[in-house]
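J.: Next up, upload_8.pdb (PDB, C-alpha atoms and all ligand atoms).
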ATOM      1  CA  MET A   1     107.173  99.757  76.040
ATOM      2  CA  GLN A   2     107.865  97.503  73.088
ATOM      3  CA  THR A   3     107.911  98.034  69.347
ATOM      4  CA  VAL A   4     106.400  95.040  67.606
ATOM      5  CA  SER A   5     105.442  95.668  63.995
ATOM      6  CA  SER A   6     103.243  93.534  61.785
ATOM      7  CA  ALA A   7     101.544  93.660  58.402
ATOM      8  CA  PHE A   8      98.276  93.431  60.324
ATOM      9  CA  ASP A   9      98.280  97.042  61.383
ATOM     10  CA  CYS A  10      95.524  99.472  62.301
ATOM     11  CA  ALA A  11      94.640 100.155  58.636
ATOM     12  CA  TYR A  12      94.363  96.423  57.964
ATOM     13  CA  TRP A  13      91.940  95.925  60.873
ATOM     14  CA  GLN A  14      89.923  99.065  60.182
ATOM     15  CA  ALA A  15      89.382  97.737  56.632
ATOM     16  CA  ARG A  16      88.246  94.380  57.990
ATOM     17  CA  TYR A  17      85.616  96.191  60.038
ATOM     18  CA  THR A  18      84.413  98.500  57.293
ATOM     19  CA  GLU A  19      84.456  96.166  54.258
ATOM     20  CA  PRO A  20      81.388  93.917  54.120
ATOM     21  CA  GLY A  21      81.742  90.331  55.296
ATOM     22  CA  ARG A  22      85.295  90.508  56.657
ATOM     23  CA  ASP A  23      84.472  90.454  60.383
ATOM     24  CA  GLY A  24      83.626  86.777  60.722
ATOM     25  CA  TRP A  25      85.169  86.544  64.202
ATOM     26  CA  ASP A  26      82.571  88.965  65.577
ATOM     27  CA  ALA A  27      80.098  86.877  67.592
ATOM     28  CA  GLY A  28      77.722  89.806  68.042
ATOM     29  CA  ARG A  29      77.473  89.004  71.751
ATOM     30  CA  SER A  30      79.653  88.106  74.700
ATOM     31  CA  THR A  31      80.483  84.432  74.500
ATOM     32  CA  PRO A  32      79.518  81.734  77.043
ATOM     33  CA  PRO A  33      83.063  80.844  78.222
ATOM     34  CA  LEU A  34      83.765  84.448  79.143
ATOM     35  CA  GLN A  35      80.310  85.052  80.585
ATOM     36  CA  ALA A  36      80.716  82.021  82.852
ATOM     37  CA  TYR A  37      84.110  83.260  83.999
ATOM     38  CA  PHE A  38      82.843  86.808  84.612
ATOM     39  CA  ASN A  39      79.787  85.556  86.507
ATOM     40  CA  GLN A  40      81.959  84.102  89.260
ATOM     41  CA  LEU A  41      84.088  87.238  89.763
ATOM     42  CA  ALA A  42      83.375  89.379  92.823
ATOM     43  CA  VAL A  43      81.930  92.701  91.687
ATOM     44  CA  ALA A  44      82.551  94.171  95.143
ATOM     45  CA  SER A  45      86.312  93.923  94.704
ATOM     46  CA  GLN A  46      86.093  96.104  91.556
ATOM     47  CA  PRO A  47      89.110  94.566  89.804
ATOM     48  CA  ARG A  48      90.971  96.559  87.177
ATOM     49  CA  ILE A  49      90.223  94.733  83.938
ATOM     50  CA  LEU A  50      91.833  95.259  80.534
ATOM     51  CA  ILE A  51      90.425  93.800  77.314
ATOM     52  CA  PRO A  52      93.102  94.206  74.639
ATOM     53  CA  GLY A  53      92.207  93.807  70.959
ATOM     54  CA  ALA A  54      88.656  94.068  72.241
ATOM     55  CA  GLY A  55      86.989  94.815  68.938
ATOM     56  CA  ARG A  56      83.344  95.745  69.427
ATOM     57  CA  ALA A  57      83.811  94.649  73.026
ATOM     58  CA  TYR A  58      80.663  92.739  73.903
ATOM     59  CA  GLU A  59      82.567  91.401  76.930
ATOM     60  CA  ALA A  60      83.116  94.958  78.161
ATOM     61  CA  GLU A  61      79.402  95.616  77.780
ATOM     62  CA  TYR A  62      78.592  92.453  79.734
ATOM     63  CA  LEU A  63      80.981  93.370  82.551
ATOM     64  CA  HIS A  64      79.662  96.944  82.588
ATOM     65  CA  CYS A  65      76.101  95.621  82.982
ATOM     66  CA  LEU A  66      77.245  93.388  85.868
ATOM     67  CA  GLY A  67      78.523  96.500  87.641
ATOM     68  CA  PHE A  68      82.264  96.287  87.032
ATOM     69  CA  GLN A  69      83.478  99.890  86.917
ATOM     70  CA  HIS A  70      87.125  99.550  85.971
ATOM     71  CA  VAL A  71      86.922  97.890  82.582
ATOM     72  CA  VAL A  72      89.340  99.275  79.990
ATOM     73  CA  VAL A  73      88.951  98.443  76.324
ATOM     74  CA  ALA A  74      92.030  98.787  74.100
ATOM     75  CA  ASP A  75      92.000  98.472  70.343
ATOM     76  CA  PHE A  76      93.893 100.390  67.707
ATOM     77  CA  ALA A  77      91.059 100.419  65.157
ATOM     78  CA  PRO A  78      88.537 103.253  65.556
ATOM     79  CA  GLU A  79      85.447 101.485  64.152
ATOM     80  CA  PRO A  80      84.920  98.952  66.957
ATOM     81  CA  LEU A  81      85.435 101.550  69.685
ATOM     82  CA  ALA A  82      82.841 103.776  68.023
ATOM     83  CA  ALA A  83      80.492 100.781  67.863
ATOM     84  CA  LEU A  84      80.823 100.217  71.624
ATOM     85  CA  ARG A  85      80.266 103.919  72.307
ATOM     86  CA  ALA A  86      77.112 103.889  70.194
ATOM     87  CA  ARG A  87      75.783 100.679  71.759
ATOM     88  CA  VAL A  88      76.599 101.536  75.375
ATOM     89  CA  PRO A  89      76.582 105.317  75.845
ATOM     90  CA  SER A  90      77.084 104.889  79.605
ATOM     91  CA  PHE A  91      80.441 103.121  79.147
ATOM     92  CA  PRO A  92      83.105 105.547  80.448
ATOM     93  CA  ALA A  93      84.782 107.315  77.515
ATOM     94  CA  GLU A  94      88.081 107.436  79.417
ATOM     95  CA  HIS A  95      88.097 103.632  79.464
ATOM     96  CA  LEU A  96      88.105 103.431  75.666
ATOM     97  CA  TRP A  97      91.754 103.393  74.651
ATOM     98  CA  GLN A  98      92.519 103.634  70.960
ATOM     99  CA  ALA A  99      96.033 102.290  71.268
ATOM    100  CA  ASP A 100      98.503  99.671  70.132
ATOM    101  CA  PHE A 101      98.594  96.949  72.775
ATOM    102  CA  PHE A 102     102.358  96.610  72.436
ATOM    103  CA  ARG A 103     102.833 100.291  73.199
ATOM    104  CA  LEU A 104     100.807 100.355  76.413
ATOM    105  CA  ALA A 105     103.000 101.340  79.354
ATOM    106  CA  PRO A 106     103.909  98.230  81.404
ATOM    107  CA  THR A 107     102.293  99.463  84.601
ATOM    108  CA  GLN A 108     101.746  96.029  86.204
ATOM    109  CA  SER A 109      98.495  97.469  87.495
ATOM    110  CA  PHE A 110      95.716  95.325  86.046
ATOM    111  CA  ASP A 111      94.102  92.507  88.006
ATOM    112  CA  LEU A 112      92.713  90.765  84.946
ATOM    113  CA  LEU A 113      93.357  90.695  81.212
ATOM    114  CA  VAL A 114      90.707  89.168  78.970
ATOM    115  CA  GLU A 115      91.605  87.266  75.801
ATOM    116  CA  GLN A 116      89.320  86.438  72.907
ATOM    117  CA  THR A 117      90.503  86.216  69.276
ATOM    118  CA  PHE A 118      93.159  88.874  69.862
ATOM    119  CA  PHE A 119      96.052  86.430  70.214
ATOM    120  CA  SER A 120      94.953  84.664  66.999
ATOM    121  CA  ALA A 121      94.733  88.041  65.235
ATOM    122  CA  LEU A 122      98.426  88.730  65.768
ATOM    123  CA  ALA A 123     101.186  87.554  63.477
ATOM    124  CA  PRO A 124     102.586  84.376  65.071
ATOM    125  CA  SER A 125     105.961  86.111  65.369
ATOM    126  CA  GLN A 126     104.315  88.512  67.864
ATOM    127  CA  ARG A 127     103.218  85.779  70.256
ATOM    128  CA  PRO A 128     106.236  85.817  72.578
ATOM    129  CA  ALA A 129     105.851  89.611  72.883
ATOM    130  CA  TYR A 130     102.123  89.198  73.589
ATOM    131  CA  ALA A 131     102.834  86.881  76.524
ATOM    132  CA  ARG A 132     105.468  89.221  77.877
ATOM    133  CA  GLN A 133     103.296  92.333  77.480
ATOM    134  CA  CYS A 134     100.379  90.632  79.227
ATOM    135  CA  ALA A 135     102.675  89.877  82.142
ATOM    136  CA  ALA A 136     103.999  93.442  82.128
ATOM    137  CA  LEU A 137     100.496  94.887  82.363
ATOM    138  CA  LEU A 138      99.328  92.603  85.191
ATOM    139  CA  ARG A 139     100.122  92.922  88.858
ATOM    140  CA  PRO A 140     101.798  89.884  90.419
ATOM    141  CA  GLY A 141      99.009  87.377  91.008
ATOM    142  CA  GLY A 142      96.881  89.005  88.294
ATOM    143  CA  ARG A 143      95.242  86.764  85.714
ATOM    144  CA  LEU A 144      95.024  86.371  81.982
ATOM    145  CA  ALA A 145      91.746  84.609  81.199
ATOM    146  CA  GLY A 146      89.896  83.780  78.038
ATOM    147  CA  VAL A 147      89.957  81.500  75.056
ATOM    148  CA  LEU A 148      92.563  80.496  72.480
ATOM    149  CA  PHE A 149      91.984  78.521  69.309
ATOM    150  CA  ASP A 150      92.985  74.919  69.938
ATOM    151  CA  THR A 151      93.367  74.102  66.279
ATOM    152  CA  ALA A 152      95.655  74.835  63.345
ATOM    153  CA  PHE A 153      94.379  76.793  60.346
ATOM    154  CA  ALA A 154      96.534  75.172  57.702
ATOM    155  CA  GLY A 155      97.999  77.577  55.158
ATOM    156  CA  ALA A 156      96.543  80.716  56.764
ATOM    157  CA  THR A 157      98.193  83.849  55.403
ATOM    158  CA  GLU A 158      96.056  86.263  57.378
ATOM    159  CA  PRO A 159      94.248  86.071  60.734
ATOM    160  CA  PRO A 160      93.045  84.012  62.421
ATOM    161  CA  PHE A 161      96.175  81.993  63.093
ATOM    162  CA  GLY A 162      95.766  78.850  65.147
ATOM    163  CA  GLY A 163      98.218  76.818  67.148
ATOM    164  CA  SER A 164      98.772  74.029  69.621
ATOM    165  CA  ARG A 165      98.747  73.722  73.397
ATOM    166  CA  ALA A 166     102.435  72.876  73.456
ATOM    167  CA  GLU A 167     103.263  76.015  71.497
ATOM    168  CA  TYR A 168     101.106  78.211  73.723
ATOM    169  CA  ARG A 169     102.547  76.746  76.906
ATOM    170  CA  ALA A 170     106.031  77.714  75.799
ATOM    171  CA  TYR A 171     105.041  81.390  75.390
ATOM    172  CA  PHE A 172     103.307  81.733  78.748
ATOM    173  CA  ALA A 173     105.368  79.462  81.002
ATOM    174  CA  PRO A 174     108.124  82.046  81.691
ATOM    175  CA  TYR A 175     105.636  84.408  83.355
ATOM    176  CA  PHE A 176     102.522  82.502  84.409
ATOM    177  CA  ASP A 177     101.241  79.557  86.421
ATOM    178  CA  PHE A 178      98.537  77.606  84.636
ATOM    179  CA  VAL A 179      95.269  77.557  86.600
ATOM    180  CA  HIS A 180      93.081  76.369  83.702
ATOM    181  CA  PHE A 181      94.263  75.236  80.295
ATOM    182  CA  GLU A 182      91.684  72.873  78.847
ATOM    183  CA  THR A 183      89.062  72.544  76.131
ATOM    184  CA  ALA A 184      86.191  74.916  76.824
ATOM    185  CA  TYR A 185      82.958  73.080  77.694
ATOM    186  CA  ASN A 186      80.676  75.943  76.748
ATOM    187  CA  SER A 187      81.886  77.350  73.414
ATOM    188  CA  LEU A 188      79.496  78.765  70.860
ATOM    189  CA  PRO A 189      78.508  75.872  68.522
ATOM    190  CA  PRO A 190      80.758  76.898  65.586
ATOM    191  CA  ARG A 191      83.745  76.964  67.970
ATOM    192  CA  ALA A 192      82.877  73.865  70.026
ATOM    193  CA  GLY A 193      85.832  71.577  70.664
ATOM    194  CA  ARG A 194      88.218  74.053  69.046
ATOM    195  CA  GLU A 195      88.692  76.457  71.938
ATOM    196  CA  LEU A 196      90.968  76.231  74.904
ATOM    197  CA  PHE A 197      89.801  78.027  78.035
ATOM    198  CA  ILE A 198      92.805  79.536  79.785
ATOM    199  CA  CYS A 199      93.240  81.140  83.164
ATOM    200  CA  LEU A 200      96.880  81.969  83.867
ATOM    201  CA  ARG A 201      98.174  83.568  87.071
ATOM    202  CA  LYS A 202     101.161  85.896  86.843
ATOM    203  CA  ARG A 203     104.028  84.704  89.000
ATOM    204  CA  ALA A 204     105.653  87.144  91.387
ATOM    205  CA  GLY A 205     109.144  87.858  90.098
ATOM    206  CA  ALA A 206     108.315  86.978  86.489
ATOM    207  CA  PRO A 207     111.298  88.032  84.317
ATOM    208  CA  LEU A 208     110.105  91.218  82.611
ATOM    209  CA  SER A 209     113.292  93.175  81.980
TER     210      SER A 209
HETATM  211  C1  LIG A 301      89.930  89.298  65.410
HETATM  212  S1  LIG A 301      89.568  90.842  66.123
HETATM  213  C2  LIG A 301      88.915  90.346  67.707
HETATM  214  C3  LIG A 301      88.055  91.394  68.349
HETATM  215  C4  LIG A 301      87.342  90.924  69.631
HETATM  216  N1  LIG A 301      88.265  90.460  70.631
HETATM  217  C5  LIG A 301      86.299  89.876  69.333
HETATM  218  O1  LIG A 301      86.458  88.729  69.768
HETATM  219  O2  LIG A 301      85.314  90.221  68.664
HETATM  220  C6  LIG A 301      91.192  91.419  66.586
HETATM  221  C7  LIG A 301      91.167  92.823  67.129
HETATM  222  O3  LIG A 301      92.469  93.154  67.592
HETATM  223  C8  LIG A 301      92.757  94.491  67.201
HETATM  224  N2  LIG A 301      94.221  94.588  67.173
HETATM  225  C9  LIG A 301      95.071  93.877  66.405
HETATM  226  N3  LIG A 301      96.344  94.190  66.698
HETATM  227  C10 LIG A 301      96.296  95.127  67.682
HETATM  228  C11 LIG A 301      97.282  95.830  68.415
HETATM  229  N4  LIG A 301      98.602  95.629  68.206
HETATM  230  N5  LIG A 301      96.881  96.703  69.350
HETATM  231  C12 LIG A 301      95.555  96.907  69.592
HETATM  232  N6  LIG A 301      94.577  96.269  68.924
HETATM  233  C13 LIG A 301      94.941  95.390  67.981
HETATM  234  C14 LIG A 301      92.058  94.675  65.873
HETATM  235  O4  LIG A 301      91.811  96.010  65.573
HETATM  236  C15 LIG A 301      90.779  93.879  66.113
HETATM  237  O5  LIG A 301      89.774  94.687  66.666
END
Turn this file's structure into structure tokens for me.
T.:
Amino acid sequence: MQTVSSAFDCAYWQARYTEPGRDGWDAGRSTPPLQAYFNQLAVASQPRILIPGAGRAYEAEYLHCLGFQHVVVADFAPEPLAALRARVPSFPAEHLWQADFFRLAPTQSFDLLVEQTFFSALAPSQRPAYARQCAALLRPGGRLAGVLFDTAFAGATEPPFGGSRAEYRAYFAPYFDFVHFETAYNSLPPRAGRELFICLRKRAGAPLS
């Protein structure tokens, strides 16, 4: 377990959900890059999937509808978890974790972690800990897949925070092999050309201690 504090705490995010017009990241649907990735996963293998910083978790809903049964949603703000519960009553309540990602026990048990606008929601100083915690939650060979902003947001003082490929590579290289790390071809129009699709495979023996 790690302690990684930030000004962007649970109260900050709950306010962004409850105050009008402050949830601009919320696409209101699962996005095409993640749908395309999910569509080629084998449902029969029932992978253990974690979506950290999931927000209203449209990706969890999509996976649930495809028949994936081990999808865990983690977010420390209550509003988005309640929104998922209301939208998808059949989603297992025990798979809704109201928790700080950095305090999740490093069980190395997940097959897949899904990333979408969670990394960019963190203070940049938390990025090395994010990469390490992702590795600590995945089994060897498990994957971190999703999208990262491939652009800088000059002068940003609150999320989202952008970045560069070179910067991102440095965070993930200690723990992961890079399977995909390229501009997404199927982003939503407002994000087109500004998203990197990533699929990173955790190396056996990655240095977690
Ligand atoms: C920009 S939103 C993205 C939500 C969702 N992934 C989406 O694309 O709609 C960032 C989310 O991360 C959550 N979050 C931020 N820091 C967190 C932390 N340390 N642990 C758990 N959730 C966190 C916030 O509550 C918020 O729901």
J.: Residues of chain A that have any atom at most 6 Å from an atom of ligand LIG 301 (chain A): could you tabulate them with the shortest-distance atom pair and the distance in Å to one decimal, using all atoms listed in the file, ordered by chain and increasing number, as CSV?
T.:
residue,atom,partner,partner_atom,distance
A:Trp13,CA,A:LIG301,O4,4.7
A:Trp25,CA,A:LIG301,C1,5.6
A:Asp26,CA,A:LIG301,O2,4.3
A:Gly53,CA,A:LIG301,O3,3.4
A:Ala54,CA,A:LIG301,N1,4.0
A:Gly55,CA,A:LIG301,O5,3.6
A:Arg56,CA,A:LIG301,O2,5.9
A:Asp75,CA,A:LIG301,N6,3.7
A:Phe76,CA,A:LIG301,C12,4.3
A:Ala77,CA,A:LIG301,O4,4.5
A:Ala99,CA,A:LIG301,C12,5.7
A:Asp100,CA,A:LIG301,N5,3.5
A:Phe101,CA,A:LIG301,N5,3.8
A:Phe102,CA,A:LIG301,N4,5.7
A:Gln116,CA,A:LIG301,N1,4.7
A:Thr117,CA,A:LIG301,C2,4.7
A:Phe118,CA,A:LIG301,C6,4.6
A:Ala121,CA,A:LIG301,C1,5.0
A:Leu122,CA,A:LIG301,N3,5.9
J.: Name the residues that the PyMOL selection byres (((chain A and resi 37) around 12) and not hetatm) picks from the file above, as a list in words, using the file's chain letters and numbers.
T.: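 Applied to this file, the PyMOL selection byres (((chain A and resi 37) around 12) and not hetatm) selects Ser30, Thr31, Pro32, Pro33, Leu34, Gln35, Ala36, Phe38, Asn39, Gln40, Leu41, Ala42, Glu59, Tyr62, Leu63, Leu112, Val114, Glu115, Arg143, Leu144, Ala145, Gly146, Val147, His180, Ala184, Asn186, Phe197, Ile198 and Cys199 of chain A.
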J.: What would the file look like if the residues just selected were written as a short mmCIF file (atom, residue, chain, number, x, y, z; two decimals), in the coordinates of the input with C-alpha atoms?
T.:
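Generated file (out25.cif):
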data_model
loop_
_atom_site.label_atom_id
_atom_site.label_comp_id
_atom_site.auth_asym_id
_atom_site.auth_seq_id
_atom_site.Cartn_x
_atom_site.Cartn_y
_atom_site.Cartn_z
CA SER A 30 79.65 88.11 74.70
CA THR A 31 80.48 84.43 74.50
CA PRO A 32 79.52 81.73 77.04
CA PRO A 33 83.06 80.84 78.22
CA LEU A 34 83.76 84.45 79.14
CA GLN A 35 80.31 85.05 80.58
CA ALA A 36 80.72 82.02 82.85
CA PHE A 38 82.84 86.81 84.61
CA ASN A 39 79.79 85.56 86.51
CA GLN A 40 81.96 84.10 89.26
CA LEU A 41 84.09 87.24 89.76
CA ALA A 42 83.38 89.38 92.82
CA GLU A 59 82.57 91.40 76.93
CA TYR A 62 78.59 92.45 79.73
CA LEU A 63 80.98 93.37 82.55
CA LEU A 112 92.71 90.76 84.95
CA VAL A 114 90.71 89.17 78.97
CA GLU A 115 91.60 87.27 75.80
CA ARG A 143 95.24 86.76 85.71
CA LEU A 144 95.02 86.37 81.98
CA ALA A 145 91.75 84.61 81.20
CA GLY A 146 89.90 83.78 78.04
CA VAL A 147 89.96 81.50 75.06
CA HIS A 180 93.08 76.37 83.70
CA ALA A 184 86.19 74.92 76.82
CA ASN A 186 80.68 75.94 76.75
CA PHE A 197 89.80 78.03 78.04
CA ILE A 198 92.80 79.54 79.78
CA CYS A 199 93.24 81.14 83.16
#
J.: I need the residue nearest Ser164 (chain A) from this list: A:Asp177, A:Gln133, A:Arg16, A:Leu196. Use all atoms listed in the file for the distance.
T.: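 Of A:Asp177, A:Gln133, A:Arg16, A:Leu196, the one nearest Ser164 (chain A), counting all atoms listed in the file, is A:Leu196.
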J.: For a cut-off of 12 Å around (93.3, 108.3, 73.3), file coordinates, pick out all residues using only C-alpha atoms and list them as a PyMOL selection string.
T.: chain A and resi 72-78+81+93-100+104
J.: Hey, can you spit out that residue selection with C-alpha atoms as a JSON list (two decimals), in the frame of the given file?
T.:
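See result.json below for the written result:
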[["chain", "number", "residue", "atom", "x", "y", "z"],
["A", 72, "VAL", "CA", 89.34, 99.28, 79.99],
["A", 73, "VAL", "CA", 88.95, 98.44, 76.32],
["A", 74, "ALA", "CA", 92.03, 98.79, 74.10],
["A", 75, "ASP", "CA", 92.00, 98.47, 70.34],
["A", 76, "PHE", "CA", 93.89, 100.39, 67.71],
["A", 77, "ALA", "CA", 91.06, 100.42, 65.16],
["A", 78, "PRO", "CA", 88.54, 103.25, 65.56],
["A", 81, "LEU", "CA", 85.44, 101.55, 69.68],
["A", 93, "ALA", "CA", 84.78, 107.32, 77.52],
["A", 94, "GLU", "CA", 88.08, 107.44, 79.42],
["A", 95, "HIS", "CA", 88.10, 103.63, 79.46],
["A", 96, "LEU", "CA", 88.10, 103.43, 75.67],
["A", 97, "TRP", "CA", 91.75, 103.39, 74.65],
["A", 98, "GLN", "CA", 92.52, 103.63, 70.96],
["A", 99, "ALA", "CA", 96.03, 102.29, 71.27],
["A", 100, "ASP", "CA", 98.50, 99.67, 70.13],
["A", 104, "LEU", "CA", 100.81, 100.36, 76.41]]
J.: If you measure from CA of Tyr171 (chain A) to CA of Ser120 (chain A), what distance in Å do you get, rounded to one decimal?
T.: 13.5 Å
J.: Can you work out the spacing between CA of Ala204 (chain A) and CA of Gly163 (chain A) in Å, to one decimal?
T.: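 Value for the CA of Ala204 (chain A)-CA of Gly163 (chain A) distance: 27.4 Å.
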